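Enquirer: Before anything else, here's the structure in question.
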Amino acid sequence: MRTDPVTATVVRLGIVAPSRGRTARAVHLGVTLDAVLDEVFERVPVPYRTPTWFRRAEGDATTLIIPPTVPHGWIAAELVALLAGALRRRNRHLNEFGKLRLRVAADHGDVVLRPPHFGGAAVALATWLCAAEELKAAIAAAPELDLLLIVSDRFHTAVADDPGYRRIVVPAGGEREIAWLGPGPDTGTRNTGTGGGLAPS
């Protein structure tokens, strides 16, 4: 069993407002997130789709470990677009209460793999970024978006030519970290429709 750190990209996906409503809604959102990720993985191009991807669900969040051979630019653009497209298809017939929306955080750095568990500096920072109040406030202020991305400063160096990112500073384990809040994915992911979904009970 490997315990030495390896270099990898960590993507953390947090469900927006998971505690709003009763248990049935939380279960629905968790099942929907699993289905979204299954669909996304099927669409990952063959050169990047390898057995070295790891995925772990943790309550209202899921963490992905992606091998370093997958470019940061592809993750920030194409993987996020795949997620947005899958969310759009799942959400289009649901009302606001039943829709799955995601906070997405990405970092690249040291990861300790002990399947089915993993940890390390990159996992910790992605977790803190995903929980950042700035990210929560930004997605709450943009109800038309199904997801919003935040990336670490070291991850951002690979996507710095994208002018849509906004520099922010967030708390991280007692310290302050520079992070970059991404633009909404331009994939037609506006939430539409107000009925026919999982209604509040």
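Identifiers in this document derive from the order of the structure tokens: chains are assigned A, B, ..., residues are numbered from 1 separately in each chain, and ligands are numbered from 1 in order of occurrence.
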If we count only C-alpha atoms, what is near stretch 132-147 of chain A at a cut-off of 10 Å, once residues fewer than 6 positions away on the same chain are taken out, given as a short mmCIF file (atom, residue, chain, number, x, y, z; two decimals) with N, CA, C and O atoms, in the first residue's frame?
Expert:
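Contents of the output file selection_15.cif:
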data_model
loop_
_atom_site.label_atom_id
_atom_site.label_comp_id
_atom_site.auth_asym_id
_atom_site.auth_seq_id
_atom_site.Cartn_x
_atom_site.Cartn_y
_atom_site.Cartn_z
N LEU A 13 -16.12 18.61 -5.05
CA LEU A 13 -17.44 19.03 -5.48
C LEU A 13 -18.37 19.06 -4.26
O LEU A 13 -18.60 18.02 -3.63
N GLY A 14 -18.84 20.24 -3.92
CA GLY A 14 -19.73 20.40 -2.78
C GLY A 14 -21.14 20.75 -3.24
O GLY A 14 -21.33 21.61 -4.10
N ILE A 15 -22.12 20.09 -2.66
CA ILE A 15 -23.51 20.35 -3.01
C ILE A 15 -23.94 21.67 -2.38
O ILE A 15 -23.73 21.91 -1.18
N VAL A 16 -24.56 22.54 -3.17
CA VAL A 16 -25.05 23.83 -2.68
C VAL A 16 -26.30 23.61 -1.83
O VAL A 16 -27.22 22.89 -2.23
N ALA A 17 -26.32 24.22 -0.65
CA ALA A 17 -27.47 24.18 0.26
C ALA A 17 -27.98 22.76 0.49
O ALA A 17 -29.16 22.48 0.32
N VAL A 80 -15.04 20.81 -16.45
CA VAL A 80 -16.11 21.66 -15.90
C VAL A 80 -17.28 21.75 -16.87
O VAL A 80 -18.45 21.72 -16.46
N ALA A 81 -17.00 21.82 -18.17
CA ALA A 81 -18.08 21.85 -19.16
C ALA A 81 -18.86 20.54 -19.18
O ALA A 81 -20.09 20.54 -19.33
N LEU A 83 -19.27 18.56 -16.58
CA LEU A 83 -20.10 18.61 -15.38
C LEU A 83 -21.31 19.50 -15.60
O LEU A 83 -22.44 19.13 -15.24
N ALA A 84 -21.07 20.67 -16.19
CA ALA A 84 -22.17 21.61 -16.42
C ALA A 84 -23.22 21.03 -17.36
O ALA A 84 -24.43 21.19 -17.15
N GLY A 85 -22.77 20.34 -18.40
CA GLY A 85 -23.72 19.73 -19.33
C GLY A 85 -24.54 18.64 -18.67
O GLY A 85 -25.76 18.54 -18.89
N ALA A 86 -23.89 17.81 -17.86
CA ALA A 86 -24.62 16.74 -17.16
C ALA A 86 -25.61 17.33 -16.16
O ALA A 86 -26.74 16.83 -16.02
N LEU A 87 -25.21 18.38 -15.46
CA LEU A 87 -26.13 19.04 -14.53
C LEU A 87 -27.32 19.64 -15.27
O LEU A 87 -28.46 19.54 -14.81
N ARG A 88 -27.05 20.27 -16.41
CA ARG A 88 -28.14 20.86 -17.18
C ARG A 88 -29.17 19.81 -17.57
O ARG A 88 -30.38 20.02 -17.43
N ASN A 91 -31.08 18.71 -14.45
CA ASN A 91 -31.86 19.75 -13.77
C ASN A 91 -33.01 20.32 -14.59
O ASN A 91 -33.90 20.97 -14.03
N GLU A 96 -36.71 24.43 -8.52
CA GLU A 96 -35.52 24.95 -7.85
C GLU A 96 -35.15 24.11 -6.63
O GLU A 96 -33.97 23.96 -6.31
N LYS A 99 -33.15 20.85 -7.83
CA LYS A 99 -31.97 20.95 -8.69
C LYS A 99 -30.68 20.76 -7.90
O LYS A 99 -30.55 21.22 -6.77
N LEU A 100 -29.75 20.08 -8.54
CA LEU A 100 -28.41 19.91 -7.99
C LEU A 100 -27.51 21.03 -8.51
O LEU A 100 -27.36 21.20 -9.71
N ARG A 101 -26.92 21.79 -7.58
CA ARG A 101 -25.95 22.82 -7.92
C ARG A 101 -24.67 22.53 -7.15
O ARG A 101 -24.71 22.01 -6.04
N LEU A 102 -23.54 22.87 -7.73
CA LEU A 102 -22.26 22.46 -7.16
C LEU A 102 -21.28 23.62 -7.01
O LEU A 102 -21.17 24.48 -7.88
N ARG A 103 -20.57 23.58 -5.89
CA ARG A 103 -19.35 24.37 -5.73
C ARG A 103 -18.20 23.45 -6.10
O ARG A 103 -18.07 22.34 -5.57
N VAL A 104 -17.34 23.89 -7.01
CA VAL A 104 -16.25 23.05 -7.51
C VAL A 104 -14.93 23.73 -7.20
O VAL A 104 -14.73 24.90 -7.55
N ALA A 105 -14.02 23.01 -6.53
CA ALA A 105 -12.71 23.56 -6.17
C ALA A 105 -11.62 22.66 -6.71
O ALA A 105 -11.75 21.43 -6.70
N ALA A 126 -8.11 21.92 -1.35
CA ALA A 126 -9.33 21.84 -2.16
C ALA A 126 -10.56 21.83 -1.27
O ALA A 126 -11.59 22.44 -1.61
N ILE A 168 -9.06 36.29 -5.19
CA ILE A 168 -9.62 36.50 -3.87
C ILE A 168 -8.65 35.91 -2.85
O ILE A 168 -7.69 35.22 -3.22
N VAL A 169 -8.88 36.17 -1.59
CA VAL A 169 -8.10 35.58 -0.51
C VAL A 169 -9.07 34.89 0.43
O VAL A 169 -10.08 35.47 0.84
N VAL A 170 -8.76 33.63 0.76
CA VAL A 170 -9.69 32.83 1.56
C VAL A 170 -8.96 32.21 2.76
O VAL A 170 -7.75 31.96 2.70
N PRO A 171 -9.68 31.95 3.86
CA PRO A 171 -9.08 31.25 4.99
C PRO A 171 -8.80 29.80 4.62
O PRO A 171 -9.58 29.16 3.91
N ALA A 172 -7.67 29.29 5.13
CA ALA A 172 -7.31 27.89 4.85
C ALA A 172 -6.47 27.35 5.99
O ALA A 172 -5.26 27.64 6.06
N ALA A 179 -6.67 32.60 -3.95
CA ALA A 179 -7.45 31.69 -4.81
C ALA A 179 -8.04 32.51 -5.94
O ALA A 179 -7.98 33.75 -5.94
N TRP A 180 -8.59 31.81 -6.91
CA TRP A 180 -9.15 32.47 -8.09
C TRP A 180 -10.54 31.93 -8.35
O TRP A 180 -10.73 30.72 -8.51
N LEU A 181 -11.50 32.84 -8.37
CA LEU A 181 -12.90 32.48 -8.61
C LEU A 181 -13.16 32.53 -10.11
O LEU A 181 -12.91 33.57 -10.76
N GLY A 182 -13.62 31.42 -10.65
CA GLY A 182 -13.79 31.31 -12.09
C GLY A 182 -15.10 31.89 -12.57
O GLY A 182 -16.02 32.14 -11.79
N PRO A 183 -15.21 32.08 -13.88
CA PRO A 183 -16.47 32.51 -14.47
C PRO A 183 -17.44 31.34 -14.52
O PRO A 183 -17.06 30.19 -14.38
N GLY A 184 -18.70 31.63 -14.73
CA GLY A 184 -19.67 30.56 -14.92
C GLY A 184 -19.41 29.86 -16.23
O GLY A 184 -19.00 30.49 -17.21
N PRO A 185 -19.62 28.54 -16.29
CA PRO A 185 -19.38 27.81 -17.54
C PRO A 185 -20.32 28.25 -18.64
O PRO A 185 -21.52 28.36 -18.44
N ASP A 186 -19.77 28.51 -19.81
CA ASP A 186 -20.56 28.98 -20.94
C ASP A 186 -21.06 27.78 -21.73
O ASP A 186 -20.63 27.52 -22.84
N GLY A 188 -24.67 26.88 -21.65
CA GLY A 188 -26.13 26.85 -21.64
C GLY A 188 -26.67 26.21 -20.40
O GLY A 188 -27.62 25.44 -20.46
N THR A 189 -26.11 26.53 -19.22
CA THR A 189 -26.51 25.85 -18.00
C THR A 189 -27.50 26.65 -17.17
O THR A 189 -27.62 26.44 -15.98
N ARG A 190 -28.19 27.57 -17.75
CA ARG A 190 -29.15 28.34 -16.97
C ARG A 190 -30.22 27.43 -16.43
O ARG A 190 -30.77 26.58 -17.13
N ASN A 191 -30.59 27.62 -15.16
CA ASN A 191 -31.70 26.88 -14.56
C ASN A 191 -33.00 27.42 -15.11
O ASN A 191 -33.30 28.60 -14.99
N THR A 192 -33.77 26.58 -15.74
CA THR A 192 -35.04 27.00 -16.29
C THR A 192 -36.13 26.10 -15.79
O THR A 192 -35.92 24.96 -15.42
#
Enquirer: Just the residues within 12 Å of A:Ala121, please, counting only C-alpha atoms, with nothing from its chain fewer than 5 positions along; format it as a list in words.
Expert: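 These residues fall inside the cut-off: Pro5, Val6, Thr7, Ala8, Thr9, Val10, Asp107, His108, Gly109, Asp110, Val111, Val112, Leu113, Ala126, Thr127, Trp128, Ser152, Ala172 and Gly173 of chain A.
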Enquirer: For the residues in that selection, give me N, CA and C atoms as a short mmCIF file (atom, residue, chain, number, x, y, z; two decimals), in the first residue's frame.
Expert:
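So the final result, stored in again_37.cif, reads:
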data_model
loop_
_atom_site.label_atom_id
_atom_site.label_comp_id
_atom_site.auth_asym_id
_atom_site.auth_seq_id
_atom_site.Cartn_x
_atom_site.Cartn_y
_atom_site.Cartn_z
N PRO A 5 3.76 10.61 -0.70
CA PRO A 5 2.96 11.57 -1.48
C PRO A 5 3.23 11.42 -2.98
N VAL A 6 2.18 11.59 -3.75
CA VAL A 6 2.29 11.66 -5.20
C VAL A 6 1.70 12.99 -5.64
N THR A 7 2.05 13.43 -6.82
CA THR A 7 1.51 14.67 -7.36
C THR A 7 0.25 14.37 -8.15
N ALA A 8 -0.81 15.10 -7.88
CA ALA A 8 -2.09 14.88 -8.57
C ALA A 8 -2.92 16.14 -8.48
N THR A 9 -3.98 16.16 -9.26
CA THR A 9 -4.97 17.23 -9.18
C THR A 9 -6.14 16.74 -8.32
N VAL A 10 -6.59 17.60 -7.44
CA VAL A 10 -7.73 17.29 -6.58
C VAL A 10 -8.88 18.20 -6.96
N ASP A 107 -7.20 22.02 -6.90
CA ASP A 107 -5.83 22.30 -6.53
C ASP A 107 -4.95 21.21 -7.13
N HIS A 108 -3.65 21.48 -7.18
CA HIS A 108 -2.70 20.50 -7.71
C HIS A 108 -1.51 20.47 -6.76
N GLY A 109 -1.18 19.27 -6.27
CA GLY A 109 -0.07 19.17 -5.34
C GLY A 109 0.05 17.78 -4.76
N ASP A 110 0.56 17.69 -3.55
CA ASP A 110 0.82 16.40 -2.92
C ASP A 110 -0.45 15.73 -2.43
N VAL A 111 -0.56 14.45 -2.77
CA VAL A 111 -1.69 13.62 -2.33
C VAL A 111 -1.11 12.31 -1.80
N VAL A 112 -1.63 11.86 -0.67
CA VAL A 112 -1.24 10.57 -0.11
C VAL A 112 -2.38 9.60 -0.39
N LEU A 113 -2.08 8.54 -1.13
CA LEU A 113 -3.09 7.57 -1.52
C LEU A 113 -3.00 6.33 -0.65
N ALA A 126 -8.11 21.92 -1.35
CA ALA A 126 -9.33 21.84 -2.16
C ALA A 126 -10.56 21.83 -1.27
N THR A 127 -10.48 21.16 -0.13
CA THR A 127 -11.61 21.13 0.81
C THR A 127 -11.89 22.52 1.37
N TRP A 128 -10.82 23.23 1.76
CA TRP A 128 -11.02 24.59 2.28
C TRP A 128 -11.56 25.53 1.21
N SER A 152 -6.96 27.04 -6.78
CA SER A 152 -5.84 27.55 -5.99
C SER A 152 -4.93 28.41 -6.85
N ALA A 172 -7.67 29.29 5.13
CA ALA A 172 -7.31 27.89 4.85
C ALA A 172 -6.47 27.35 5.99
N GLY A 173 -7.09 26.61 6.90
CA GLY A 173 -6.36 25.98 7.98
C GLY A 173 -5.61 26.94 8.88
#
Enquirer: Can you tell me which residues surround stretch 72-75 of chain A at a distance of at most 8 Å, considering only C-alpha atoms, apart from same-chain residues fewer than 6 positions away, and format the answer as a list of chain:residue names?
Expert: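 Selected residues are A:Thr9, A:Phe155, A:Ala158, A:Val159.
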Enquirer: Could you pull out all residues of chain A with a DSSP call of strand (DSSP E) and give them as an MDAnalysis selection string?
Expert: chainID A and resid 5:15 54:58 61:66 102:114 117:119 147:152 166:172 175:181
Enquirer: Calculate how many Å separate atom CA of A:Pro47 from atom CA of A:Pro67, rounding to one decimal.
Expert: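 Here the two named atoms are 11.5 Å from each other.
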Enquirer: Quick one: pull the distance between atom CA of A:His93 and atom CA of A:Val27, Å, one decimal.
Expert: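 Result for atom CA of A:His93 versus atom CA of A:Val27: 17.9 Å, one decimal.
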Enquirer: Write out as a PyMOL selection string all residues of chain A that DSSP puts in helix (DSSP H, G or I) for this structure's backbone.
Expert: chain A and resi 23-43+72-91+121-130+133-140+153-156
